[in-house]
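*Asks:* Take this structure first; my questions come after.
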Amino acid sequence: MTETNMQLQRVASQLHVGNVGMAIAEMETYLAAYPQPQTAERLNELKTEYALMEDYWRRGANDPQQAQLYQYLLQRCYVLYANVAAYYHIMSHPTLSGIYSHVRMQRQEWSLRNIRKELEDFVSNVAMLDLEAEEVREQKSEQLYKEHHEQMRAVFNYVLTSRMWSDGIGHDFEEMLISPTVDANDQRLLVSAVTLALLNRYDIVKFRILLNVYRLSKEETVRQRALVGWVLALNDDLQKVYPEQAEMVLQLLKSKKVCEELTELQMQLIFSLNAEKDTNTIQKEIMPDLMKNQNFQVTQFGLVEREEDPMEDILHPEASEQRMEKLEATFGRMMDMQKQGSDIYFGGFSQMKRFPFFYDICNWFTPFFFQHPDIIHFVKRLKENKFLLKMMHVGPFCDSDKYSFVIAFQQVMDQIPENMRQMLVKGEATMGEIAEEELLSPAYIRRSYLMDLYRFFRLYPNRHEFENPFEVSHAFLGRCEFFRKSLFTGSPLESYKDQIVRLLKRKKMEEPAQQLLDSYSEDHRSVQYYIWVGQYDKALELEPNNERALRGKARNLFELGIYDEAESAYDDLLLLHPDNSTYLLYKSLCLIHMEEYEDALKLLYRLNYEEPENQQVNRVLAWTHLCCRQLEQADKLYQKLTNVEKVYAEDWLNYAYCLWFSGRIDDAIDCFKKYLAAGGDDAVKWFFFDRTLLEKYAVSEPQIMMMESAVKS
């Protein structure tokens, strides 16, 4: 971190705790090192107002407006700091600074009234194209879309590099984003620009815009982008500066539908983090299976086998059917991954984000349309291709992948066989079509947008210039685990947290799951909560016969070595399920550890009679015989346990003890060595004998030393 950044961070730290006086002092220190006359003038005005308030307070005066004034000064101080920090960030990064300078040279005055008029004129002009003669319509359309895209790129870049907005600007911009007279594609693009700017530097006005667009827009595609934007921008650190952030969000949470959408979004964010892992699974496990079955080709009739050696059917009549089944299973596995929320196309399309098209940040977030000036020359060549038209309408791709698809598709069309080219032109091939109703669903719209965002923050060459919401670790999911934020504690969203904890645990994300559990309020700590955090007695207070709580308590006591209490807990479980073999087995293990071998054997004989092939029962029974000096019975069981294809390593170890105590020293040495071989070098390094067991059999120290030497030599 640079010295400038450190000094700005000191200002931010004082703002986060709500200390106006200290924030002003830190800001003065910053401006002394890095003079900015205009900022210094504003800071002096702020300092004067603060001094007047402080003087009034020191004289013991009772000011009923003091809290309100202090909050007002705190927010003004934040805006002053945020403008300086935003400008410093932009100027410190070549891409952002280039955009900042270019867009302001390109257009000296940015009036929202003029911008809105341009957007509304575009909608009118597109409608008027239908009145043009067909021979001039295409030319006029191309020119119109080209000019409009240039306008939108400029507005996008201006918003992206803007600093803090006033309430007036925020109101006008919000009106533009919910107006039915502005094209929804333009609104979606501008929502993304606001989101990127907001992520780089928090601005309550931009946050309010996104939240209100989500609340008020009639366009679902616009609403869902706004939802993703304000959720990723939520900032716990600024609760003291902007308590209205929590107030606005909590007002939304009164709606059950909003809570359900937020829950879906939280799940989708967690799934999106697995894109690279899923790509690895596809490349290493699924694609090799597909490559092995290259004797199949895709036609309009599905998978068809190519002609093979006629002797194959004679020598291996079942091979053809087996290959087909495996190929279908492989495709099925990939489709199942997609249904479960996996981004199965990330790996394939990530290589297609190097086209010049994606040098422009705006293009990563532009909703797909065939008239885009950067792809129109490709579309003209391919406009009769029904496969392409179908895929761009009902294909399972996000917007940026659709642009990648068109650009790559036109490059390969001339290289594929004529019969396949004709099949594509006629639209006879398909590829993971999505049903119309699903395409229009909020969940699908939101998921596609998350894919666009993820690709930008993972693949854009200069992504380091942006605050990356997908920058996570195994232990901390950052912005992607918004459910744990303090403003949701005690809110209506609490009752949905269990669903997220289950998902995190299913994904083996134990630390993020624990962080979410830590955010539960006392009022929402249910039986399930106490089971997850291991407070089984608390869970049993609420529900005395809860089997999962009883099982967790019993297992916990067993692992802690409190065997008498663990046995009692397993007795409680056996009252619920008297014939449960697992509970009976663990009860017997408790008895063994307590050296109550006779009672343990009674249970084990019963289990052995009921399940004679249960190796786990035989293993515990053999150990019990060994502990109570019944070596002959133990030997028979260990012979059985070690006479299998894959021997459990501990069986070699325990059989070695049995042979040692029976006086068969060479056989014991052999079994000890087999145990060590099964565990590798680490087993040799950490190997030591069970001294408690050796004492029971009165094995002397010299004998132990000789055995160790014989085993390790």
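In the structure tokens, the first chain shown is A, the next is B, and so on; residue numbers restart at 1 for each chain, and ligands run from 1 in the order shown.
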Need to verify the contact set: region 685-695 of chain A, 12 Å, only C-alpha atoms, exclusion of same-chain residues closer than 2 positions in sequence. Can you return it as an NGL selection string?

*Replies:* :A and (593 or 595 or 623-624 or 626-629 or 653-654 or 656-658 or 660-661 or 672-673 or 675-677 or 679-683 or 697-701 or 703-705 or 707-709 or 711-712)

*Asks:* Leaving out Leu603 (chain A) and any residue of its chain fewer than 5 positions from it, which residues lie within 8 Å of it when counting only C-alpha atoms, given as a ChimeraX atom specification?

*Replies:* /A:584-585,588

*Asks:* List as JSON lines every residue of region 67-124 of chain A that is in contact with region 165-176 of chain A, defined as an atom at most 12 Å from one of its atoms (using only C-alpha atoms), together with the nearest atom pair and the distance in Å rounded to one decimal, sorted by chain and then rising number.

*Replies:*
{"residue": "A:Arg76", "atom": "CA", "partner": "A:Ser166", "partner_atom": "CA", "distance": 11.1}
{"residue": "A:Val79", "atom": "CA", "partner": "A:Trp165", "partner_atom": "CA", "distance": 9.0}
{"residue": "A:Leu80", "atom": "CA", "partner": "A:Trp165", "partner_atom": "CA", "distance": 11.5}
{"residue": "A:Ala82", "atom": "CA", "partner": "A:Trp165", "partner_atom": "CA", "distance": 10.8}
{"residue": "A:Asn83", "atom": "CA", "partner": "A:Trp165", "partner_atom": "CA", "distance": 9.6}
{"residue": "A:Trp110", "atom": "CA", "partner": "A:Ile169", "partner_atom": "CA", "distance": 11.1}
{"residue": "A:Ser111", "atom": "CA", "partner": "A:Ile169", "partner_atom": "CA", "distance": 9.5}
{"residue": "A:Leu112", "atom": "CA", "partner": "A:Asp172", "partner_atom": "CA", "distance": 7.0}
{"residue": "A:Arg113", "atom": "CA", "partner": "A:Asp172", "partner_atom": "CA", "distance": 8.1}
{"residue": "A:Asn114", "atom": "CA", "partner": "A:Met176", "partner_atom": "CA", "distance": 11.3}
{"residue": "A:Ile115", "atom": "CA", "partner": "A:Met176", "partner_atom": "CA", "distance": 9.2}
{"residue": "A:Arg116", "atom": "CA", "partner": "A:Met176", "partner_atom": "CA", "distance": 6.4}
{"residue": "A:Lys117", "atom": "CA", "partner": "A:Met176", "partner_atom": "CA", "distance": 9.8}
{"residue": "A:Glu118", "atom": "CA", "partner": "A:Met176", "partner_atom": "CA", "distance": 11.3}
{"residue": "A:Leu119", "atom": "CA", "partner": "A:Met176", "partner_atom": "CA", "distance": 9.1}
{"residue": "A:Glu120", "atom": "CA", "partner": "A:Met176", "partner_atom": "CA", "distance": 9.5}

*Asks:* Take the residues just selected and output them with N, CA, C and O atoms as a compact mmCIF listing (two decimals), in the first residue's frame.

*Replies:*
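Below you can see part_20.txt, which holds the result:
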# COMPACT_ATOMS: atom_id res chain seq x y z
N ARG A 76 -21.01 14.81 4.92
CA ARG A 76 -20.27 15.74 4.06
C ARG A 76 -18.77 15.43 4.07
O ARG A 76 -18.10 15.53 3.04
N VAL A 79 -18.20 12.44 1.82
CA VAL A 79 -18.26 12.79 0.40
C VAL A 79 -16.95 13.47 -0.02
O VAL A 79 -16.40 13.18 -1.09
N LEU A 80 -16.44 14.35 0.84
CA LEU A 80 -15.18 15.03 0.55
C LEU A 80 -14.05 14.01 0.41
O LEU A 80 -13.27 14.02 -0.56
N ALA A 82 -14.36 10.73 -0.13
CA ALA A 82 -14.63 9.77 -1.21
C ALA A 82 -14.29 10.36 -2.57
O ALA A 82 -13.78 9.65 -3.45
N ASN A 83 -14.55 11.64 -2.77
CA ASN A 83 -14.19 12.29 -4.03
C ASN A 83 -12.68 12.29 -4.25
O ASN A 83 -12.19 12.01 -5.34
N TRP A 110 -21.93 17.46 -19.49
CA TRP A 110 -22.76 16.25 -19.37
C TRP A 110 -24.06 16.63 -18.66
O TRP A 110 -24.10 16.78 -17.44
N SER A 111 -25.11 16.76 -19.44
CA SER A 111 -26.41 17.11 -18.90
C SER A 111 -27.31 15.88 -18.95
O SER A 111 -27.49 15.28 -20.02
N LEU A 112 -27.87 15.51 -17.81
CA LEU A 112 -28.76 14.34 -17.79
C LEU A 112 -29.99 14.56 -18.66
O LEU A 112 -30.52 13.62 -19.25
N ARG A 113 -30.42 15.81 -18.72
CA ARG A 113 -31.57 16.10 -19.58
C ARG A 113 -31.24 15.79 -21.03
O ARG A 113 -32.04 15.18 -21.75
N ASN A 114 -30.03 16.19 -21.48
CA ASN A 114 -29.63 15.92 -22.87
C ASN A 114 -29.43 14.42 -23.11
O ASN A 114 -29.80 13.89 -24.16
N ILE A 115 -28.82 13.75 -22.11
CA ILE A 115 -28.60 12.30 -22.24
C ILE A 115 -29.93 11.57 -22.38
O ILE A 115 -30.11 10.72 -23.25
N ARG A 116 -30.88 11.94 -21.52
CA ARG A 116 -32.18 11.27 -21.59
C ARG A 116 -32.87 11.53 -22.92
O ARG A 116 -33.49 10.63 -23.50
N LYS A 117 -32.76 12.76 -23.41
CA LYS A 117 -33.37 13.09 -24.71
C LYS A 117 -32.76 12.24 -25.82
O LYS A 117 -33.47 11.72 -26.70
N GLU A 118 -31.43 12.06 -25.78
CA GLU A 118 -30.77 11.23 -26.79
C GLU A 118 -31.27 9.79 -26.72
O GLU A 118 -31.51 9.15 -27.76
N LEU A 119 -31.44 9.27 -25.52
CA LEU A 119 -31.92 7.90 -25.37
C LEU A 119 -33.35 7.75 -25.85
O LEU A 119 -33.71 6.75 -26.49
N GLU A 120 -34.18 8.72 -25.55
CA GLU A 120 -35.59 8.67 -25.98
C GLU A 120 -35.69 8.87 -27.49
O GLU A 120 -36.53 8.22 -28.16

*Asks:* Using only C-alpha atoms, find each residue in region 66-150 of chain A having at least one atom no more than 12 Å away from region 348-361 of chain A; report its shortest atom-to-atom pair and that distance in Å (one decimal), rows by chain then rising number, as a Markdown table.

*Replies:*
| residue | atom | partner | partner_atom | distance |
| --- | --- | --- | --- | --- |
| A:Thr95 | CA | A:Ile361 | CA | 9.7 |
| A:Leu96 | CA | A:Ile361 | CA | 10.2 |
| A:Ile99 | CA | A:Ile361 | CA | 10.0 |
| A:His149 | CA | A:Asp360 | CA | 11.9 |
| A:Glu150 | CA | A:Asp360 | CA | 11.5 |

*Asks:* Please produce a file of those selected residues containing C-alpha atoms, as a PDB file, in the first residue's frame.

*Replies:*
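And here's again-v5.pdb as it stands now:
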ATOM      1  CA  THR A  95      -7.157   2.268 -18.107  1.00  0.00           C
ATOM      2  CA  LEU A  96      -9.426   4.256 -15.812  1.00  0.00           C
ATOM      3  CA  ILE A  99     -11.209   6.663 -19.948  1.00  0.00           C
ATOM      4  CA  HIS A 149     -23.648   2.705 -29.382  1.00  0.00           C
ATOM      5  CA  GLU A 150     -21.021   5.446 -29.453  1.00  0.00           C
TER       6      GLU A 150
END

*Asks:* Quick one: residues within 12 Å of Phe369 (chain A), only C-alpha atoms counted, chain neighbours fewer than 6 positions away excluded, as a PyMOL selection string?

*Replies:* chain A and resi 145+149+184-186+363+375-376+379+389+392-393+399-400+402-403+406

*Asks:* Pick from A:Leu550, A:Leu234, A:Ala678, A:Ile270: nearest to Tyr530 (chain A), with only C-alpha atoms counted?

*Replies:* A:Leu550

*Asks:* Between CA of Phe387 (chain A) and CA of Leu424 (chain A), what is the spacing in Å?

*Replies:*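 CA of Phe387 (chain A) lies at a distance of 5.1 Å from CA of Leu424 (chain A).
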
*Asks:* Name the residues in contact with region 472-487 of chain A at a cut-off of 7 Å, using only C-alpha atoms, excluding same-chain residues fewer than 3 positions from it; report them as a ChimeraX atom specification.

*Replies:* /A:232,236,246,266,269-270,469,511-512,515-516,519

*Asks:* With C-alpha atoms retained, could you export that selection as a compact mmCIF listing (two decimals), in the first residue's frame?

*Replies:*
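Resulting contents of selection.txt:
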# COMPACT_ATOMS: atom_id res chain seq x y z
CA LEU A 232 -22.71 -6.55 -4.01
CA ASP A 236 -21.14 -2.69 6.71
CA ALA A 246 -29.94 -0.36 6.46
CA GLN A 266 -26.99 -15.75 -2.40
CA LEU A 269 -23.24 -16.27 -5.98
CA ILE A 270 -21.91 -19.33 -4.16
CA PRO A 469 -16.53 -8.77 -5.63
CA GLU A 511 -15.47 -21.52 7.50
CA PRO A 512 -17.92 -19.38 5.48
CA GLN A 515 -19.21 -17.05 9.68
CA LEU A 516 -22.84 -17.10 8.60
CA SER A 519 -24.37 -13.77 12.33

*Asks:* Would you work out the distance separating CA of Leu69 (chain A) from CA of Phe207 (chain A), expressed in Å to one decimal?

*Replies:* 22.6 Å

*Asks:* Record the distance separating CA of Leu177 (chain A) and CA of Val205 (chain A), expressed in Å with one decimal.

*Replies:* 13.9 Å

*Asks:* Using only C-alpha atoms, find the one residue out of A:Thr195, A:Gln251, A:Gln499, A:Gln68 that sits nearest to Leu210 (chain A).

*Replies:*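 Checking each of A:Thr195, A:Gln251, A:Gln499, A:Gln68 against Leu210 (chain A), counting only C-alpha atoms, the winner is A:Thr195.
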
*Asks:* Under the rule that only C-alpha atoms are counted, which of A:Phe409, A:Tyr655, A:Tyr158, A:Tyr30 is the nearest residue to Leu631 (chain A)?

*Replies:*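 Ranked by minimum distance to Leu631 (chain A), first place goes to A:Tyr655.
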
*Asks:* Neighbours of region 6-23 of chain A within 8 Å (only C-alpha atoms; same-chain residues fewer than 5 positions away dropped), as a PyMOL selection string?

*Replies:* chain A and resi 1+30+50+70+73-74+77-78+81+85+237-241

*Asks:* Check region 372-612 of chain A with DSSP on the backbone and list each residue it calls helix (DSSP H, G or I), as number ranges by chain.

*Replies:* A: 376-382, 386-394, 399-415, 418-425, 436-439, 442-459, 463-465, 478-480, 482-484, 486-488, 492-506, 510-518, 522-524, 527-532, 536-542, 547-559, 563-576, 581-593, 597-610

*Asks:* Which residues are close to Tyr496 (chain A), i.e. within 9 Å by only C-alpha atoms, leaving aside same-chain residues fewer than 4 positions away? Reply as a list in words.

*Replies:*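 So the residues in contact are Cys259, Glu260, Thr263, Pro492 and Ile500 of chain A.
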
*Asks:* If we count only C-alpha atoms, what is near region 551-564 of chain A at a cut-off of 12 Å, once residues fewer than 3 positions away on the same chain are taken out, given as a PyMOL selection string?

*Replies:* chain A and resi 528+530-540+544-548+567-574+576-577+582-583+586-596

*Asks:* Given the choices A:Leu43, A:Met451, A:Met105, A:Ala197, which gets closest to Tyr87 (chain A) if the distance is worked out from only C-alpha atoms?

*Replies:*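 Ranked by minimum distance to Tyr87 (chain A), first place goes to A:Ala197.
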